[in-house]
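Below you'll find the structure, written out as structure tokens, and then a few comments.
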Amino acid sequence: MPPITHTAAVAAALVGLAACSTERAADADPYAGLSEAVRDWRQDLVASPGCPAPAPEAGVEGPGARDGCRSFAETCKVEAPLTEAERAEGVQAKALTGLRWEAWDPATSEFRNASAAAYFTRSGETWTRTEAPPVNLSTCQPFAAAD
């Protein structure tokens with residue numbers, strides 16, 4: 001049986017190697033940071049005119065009473081193909097993401113379903129968001145244009 005100090009040293013070395021391996025894997029992940037970018041999008045939506053806070057006289061309590069939007073759900077996220085122009089600009093990754101939530105409707109004094117889609121592109125460590133056309137929220141596939 002090996003001495004306890006030897007076993008502890010081997011265990012510490014293995015933990016150190018695992019940590020290095022995890023850091024390298026995160027650096028190699030072209031989608032690292034995407035979840036944070038989607039969270040920022042959600043915060044931008046809450047701060048937008050599309051999420052008007054209910055008036056105090058509406059008597060709304062609970063989720064959404066202060067922000068005007070509630071029940072956010074990321075419904076889909078897919079890798080999107082890069083164009084040659086995007087590659088030339090240094091874009092390393094691109095994703096299409098769909099969100100669904102409930103937004104306060106002052107005209108009807110109730111929460112209504114809302115949704116949006118956005119493209120996220122990564123250059124270096126920075127994610128940039130642009131609007132996307134409406135998508136099927138289950139598959140993230142854009143709706144076919146009407147002829």
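Chain labels run A, B, ... following the order of the structure tokens; each chain numbers its residues from 1, and ligands are numbered from 1 in the order shown.
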Show me, as an mmCIF file with all heavy atoms, in the first residue's frame, the residues that have an atom within 10 Å of region 55-66 of chain A when counting only C-alpha atoms, minus same-chain residues fewer than 5 positions from it.
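Generated output (out-v4.cif):
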data_model
loop_
_atom_site.group_PDB
_atom_site.id
_atom_site.type_symbol
_atom_site.label_atom_id
_atom_site.label_comp_id
_atom_site.auth_asym_id
_atom_site.auth_seq_id
_atom_site.Cartn_x
_atom_site.Cartn_y
_atom_site.Cartn_z
ATOM 1 N N VAL A 46 -36.274 43.047 -21.363
ATOM 2 C CA VAL A 46 -37.005 43.538 -20.190
ATOM 3 C C VAL A 46 -36.929 45.061 -20.118
ATOM 4 O O VAL A 46 -37.905 45.716 -19.742
ATOM 5 C CB VAL A 46 -36.464 42.887 -18.892
ATOM 6 C CG1 VAL A 46 -36.999 43.590 -17.659
ATOM 7 C CG2 VAL A 46 -36.834 41.410 -18.856
ATOM 8 N N SER A 71 -41.663 34.761 -17.446
ATOM 9 C CA SER A 71 -41.671 33.399 -18.003
ATOM 10 C C SER A 71 -40.811 33.262 -19.262
ATOM 11 O O SER A 71 -41.220 32.645 -20.245
ATOM 12 C CB SER A 71 -43.102 32.929 -18.287
ATOM 13 O OG SER A 71 -43.892 33.010 -17.125
ATOM 14 N N GLU A 102 -43.787 36.064 -21.775
ATOM 15 C CA GLU A 102 -45.075 36.746 -21.670
ATOM 16 C C GLU A 102 -44.805 38.221 -21.401
ATOM 17 O O GLU A 102 -44.021 38.554 -20.510
ATOM 18 C CB GLU A 102 -45.909 36.160 -20.534
ATOM 19 C CG GLU A 102 -46.336 34.739 -20.783
ATOM 20 C CD GLU A 102 -47.125 34.162 -19.611
ATOM 21 O OE1 GLU A 102 -46.971 34.639 -18.469
ATOM 22 O OE2 GLU A 102 -47.890 33.229 -19.849
ATOM 23 N N ALA A 103 -45.437 39.089 -22.179
ATOM 24 C CA ALA A 103 -45.264 40.533 -22.041
ATOM 25 C C ALA A 103 -46.598 41.168 -21.658
ATOM 26 O O ALA A 103 -47.651 40.768 -22.163
ATOM 27 C CB ALA A 103 -44.754 41.134 -23.344
ATOM 28 N N TRP A 104 -46.526 42.147 -20.775
ATOM 29 C CA TRP A 104 -47.719 42.857 -20.338
ATOM 30 C C TRP A 104 -48.287 43.670 -21.493
ATOM 31 O O TRP A 104 -47.554 44.366 -22.204
ATOM 32 C CB TRP A 104 -47.386 43.776 -19.160
ATOM 33 C CG TRP A 104 -48.564 44.540 -18.655
ATOM 34 C CD1 TRP A 104 -48.835 45.856 -18.847
ATOM 35 C CD2 TRP A 104 -49.648 44.013 -17.893
ATOM 36 N NE1 TRP A 104 -50.021 46.191 -18.248
ATOM 37 C CE2 TRP A 104 -50.544 45.073 -17.642
ATOM 38 C CE3 TRP A 104 -49.946 42.751 -17.385
ATOM 39 C CZ2 TRP A 104 -51.712 44.913 -16.917
ATOM 40 C CZ3 TRP A 104 -51.114 42.593 -16.653
ATOM 41 C CH2 TRP A 104 -51.978 43.654 -16.430
ATOM 42 N N PRO A 106 -50.805 46.623 -22.060
ATOM 43 C CA PRO A 106 -51.609 47.635 -21.371
ATOM 44 C C PRO A 106 -53.020 47.784 -21.945
ATOM 45 O O PRO A 106 -53.952 48.137 -21.223
ATOM 46 C CB PRO A 106 -50.822 48.933 -21.555
ATOM 47 C CG PRO A 106 -49.481 48.551 -22.054
ATOM 48 C CD PRO A 106 -49.600 47.185 -22.648
ATOM 49 N N SER A 109 -54.766 44.735 -20.399
ATOM 50 C CA SER A 109 -54.432 44.531 -18.981
ATOM 51 C C SER A 109 -54.207 43.063 -18.648
ATOM 52 O O SER A 109 -54.711 42.550 -17.638
ATOM 53 C CB SER A 109 -55.535 45.118 -18.074
ATOM 54 O OG SER A 109 -55.596 46.504 -18.225
ATOM 55 N N GLU A 110 -53.460 42.395 -19.522
ATOM 56 C CA GLU A 110 -53.082 41.004 -19.263
ATOM 57 C C GLU A 110 -51.750 40.703 -19.950
ATOM 58 O O GLU A 110 -51.297 41.449 -20.802
ATOM 59 C CB GLU A 110 -54.167 40.043 -19.728
ATOM 60 C CG GLU A 110 -54.445 40.105 -21.214
ATOM 61 C CD GLU A 110 -55.643 39.254 -21.635
ATOM 62 O OE1 GLU A 110 -56.412 38.807 -20.779
ATOM 63 O OE2 GLU A 110 -55.802 39.056 -22.843
ATOM 64 N N PHE A 111 -51.157 39.588 -19.557
ATOM 65 C CA PHE A 111 -49.921 39.158 -20.184
ATOM 66 C C PHE A 111 -50.251 38.394 -21.464
ATOM 67 O O PHE A 111 -51.205 37.610 -21.496
ATOM 68 C CB PHE A 111 -49.098 38.265 -19.237
ATOM 69 C CG PHE A 111 -48.406 39.043 -18.159
ATOM 70 C CD1 PHE A 111 -49.002 39.223 -16.923
ATOM 71 C CD2 PHE A 111 -47.158 39.596 -18.391
ATOM 72 C CE1 PHE A 111 -48.363 39.942 -15.926
ATOM 73 C CE2 PHE A 111 -46.502 40.318 -17.404
ATOM 74 C CZ PHE A 111 -47.114 40.490 -16.162
#
Exercise. Near region 135-140 of chain A, counting only C-alpha atoms, which residues have an atom at most 7 Å away, once you skip same-chain residues fewer than 6 positions from it, shown as a PyMOL selection string?
Worked result: chain A and resi 75-78+96-98+117
Exercise. So which residues touch Pro134 (chain A) within 7 Å, counting only C-alpha atoms, skipping near sequence neighbours fewer than 5 positions away, as an MDAnalysis selection string?
Worked result: chainID A and resid 116:117 142:143
Give me a file of those residues, with N, CA, C and O atoms, as a compact mmCIF listing (two decimals), in the first residue's frame.
# COMPACT_ATOMS: atom_id res chain seq x y z
N ALA A 116 -39.14 36.10 -30.04
CA ALA A 116 -38.18 36.74 -30.94
C ALA A 116 -37.05 35.76 -31.22
O ALA A 116 -36.86 34.80 -30.48
N ALA A 117 -36.33 36.05 -32.27
CA ALA A 117 -35.15 35.26 -32.63
C ALA A 117 -34.01 36.23 -32.89
O ALA A 117 -34.23 37.37 -33.30
N PRO A 142 -36.09 29.18 -39.88
CA PRO A 142 -36.86 30.33 -40.33
C PRO A 142 -38.11 29.87 -41.09
O PRO A 142 -38.09 28.85 -41.77
N PHE A 143 -39.17 30.64 -40.93
CA PHE A 143 -40.38 30.34 -41.68
C PHE A 143 -40.14 30.61 -43.15
O PHE A 143 -39.43 31.54 -43.52
Exercise. Suppose you want the space between CA of Arg42 (chain A) and CA of Leu99 (chain A); what is it in Å?
Worked result: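 Spanning CA of Arg42 (chain A) to CA of Leu99 (chain A) is a straight-line distance of 8.4 Å.
For the pair CA of Thr130 (chain A) and CA of Arg70 (chain A), the interatomic distance is 22.3 Å.
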Exercise. Of the candidates A:Ala80, A:Leu34, A:Ala53, A:Ala107, which one gets nearest to Thr126 (chain A) if we count only C-alpha atoms?
Worked result: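 Looking only at the distances to Thr126 (chain A), the closest residue turns out to be A:Leu34.
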Quick one: DSSP strand (DSSP E) residues in region 10-124 of chain A, as a compact mmCIF listing (two decimals) with C-alpha atoms, in the first residue's frame?
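Writing done, so here's part18.txt:
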# COMPACT_ATOMS: atom_id res chain seq x y z
CA CYS A 69 -42.30 40.53 -18.87
CA ARG A 70 -42.11 37.10 -17.31
CA SER A 71 -41.67 33.40 -18.00
CA PHE A 72 -38.70 33.69 -20.37
CA ALA A 73 -37.72 30.42 -22.04
CA GLU A 74 -34.97 29.73 -24.52
CA THR A 75 -36.85 27.56 -26.98
CA CYS A 76 -34.14 26.74 -29.51
CA LYS A 77 -30.49 27.32 -30.27
CA VAL A 78 -28.74 26.08 -33.41
CA GLU A 79 -25.41 26.64 -35.09
CA ALA A 93 -18.99 31.20 -34.53
CA LYS A 94 -22.62 31.99 -35.25
CA ALA A 95 -25.80 30.76 -33.57
CA LEU A 96 -29.50 31.35 -34.07
CA THR A 97 -31.50 31.45 -30.83
CA GLY A 98 -35.22 31.75 -30.12
CA LEU A 99 -36.87 33.09 -26.95
CA ARG A 100 -40.47 33.01 -25.77
CA TRP A 101 -41.95 35.01 -22.88
CA GLU A 102 -45.07 36.75 -21.67
CA ALA A 103 -45.26 40.53 -22.04
CA TRP A 104 -47.72 42.86 -20.34
CA ASP A 105 -50.29 44.32 -22.74
CA GLU A 110 -53.08 41.00 -19.26
CA PHE A 111 -49.92 39.16 -20.18
CA ARG A 112 -49.65 37.99 -23.82
CA ASN A 113 -47.26 35.55 -25.48
CA ALA A 114 -44.29 37.13 -27.23
CA SER A 115 -41.26 35.73 -29.02
CA ALA A 116 -38.18 36.74 -30.94
CA ALA A 117 -35.15 35.26 -32.63
CA ALA A 118 -31.63 36.60 -32.88
CA TYR A 119 -28.33 35.74 -34.50
CA PHE A 120 -25.28 35.78 -32.25
CA THR A 121 -21.84 36.05 -33.83
CA ARG A 122 -18.54 35.70 -32.00
CA SER A 123 -15.39 37.56 -32.94
Exercise. Please, which residues of region 67-145 of chain A, numbered as in this document, come out helix (DSSP H, G or I) from DSSP, as JSON, numbers by chain?
Worked result: {"A": [84, 85, 86, 87, 88]}
Please write the residues from the selection above to a file, keeping C-alpha atoms, as a JSON list (two decimals), in the first residue's frame.
[["chain", "number", "residue", "atom", "x", "y", "z"],
["A", 84, "GLU", "CA", -17.50, 34.13, -46.46],
["A", 85, "ALA", "CA", -17.88, 37.82, -45.58],
["A", 86, "GLU", "CA", -18.30, 36.95, -41.88],
["A", 87, "ARG", "CA", -15.23, 34.70, -41.97],
["A", 88, "ALA", "CA", -13.25, 37.51, -43.61]]
Problem set entry | Nearest residue to Asp29 (chain A) from the set A:Gln141, A:Thr83, A:Gln92, A:Ser48 (distances using only C-alpha atoms) |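 Among the listed residues, A:Gln92 lies closest to Asp29 (chain A).
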For this session: Can you work out which one of A:Gly50, A:Pro133, A:Gly33, A:Gly124 has the shortest atom-to-atom distance to Gly90 (chain A), counting only C-alpha atoms?
Result: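 The shortest atom-to-atom distance to Gly90 (chain A) comes from A:Gly124.
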Exercise. So how many Å separate CA of Leu82 (chain A) and CA of Gln43 (chain A), to one decimal?
Worked result: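 Those two atoms sit 26.4 Å apart.
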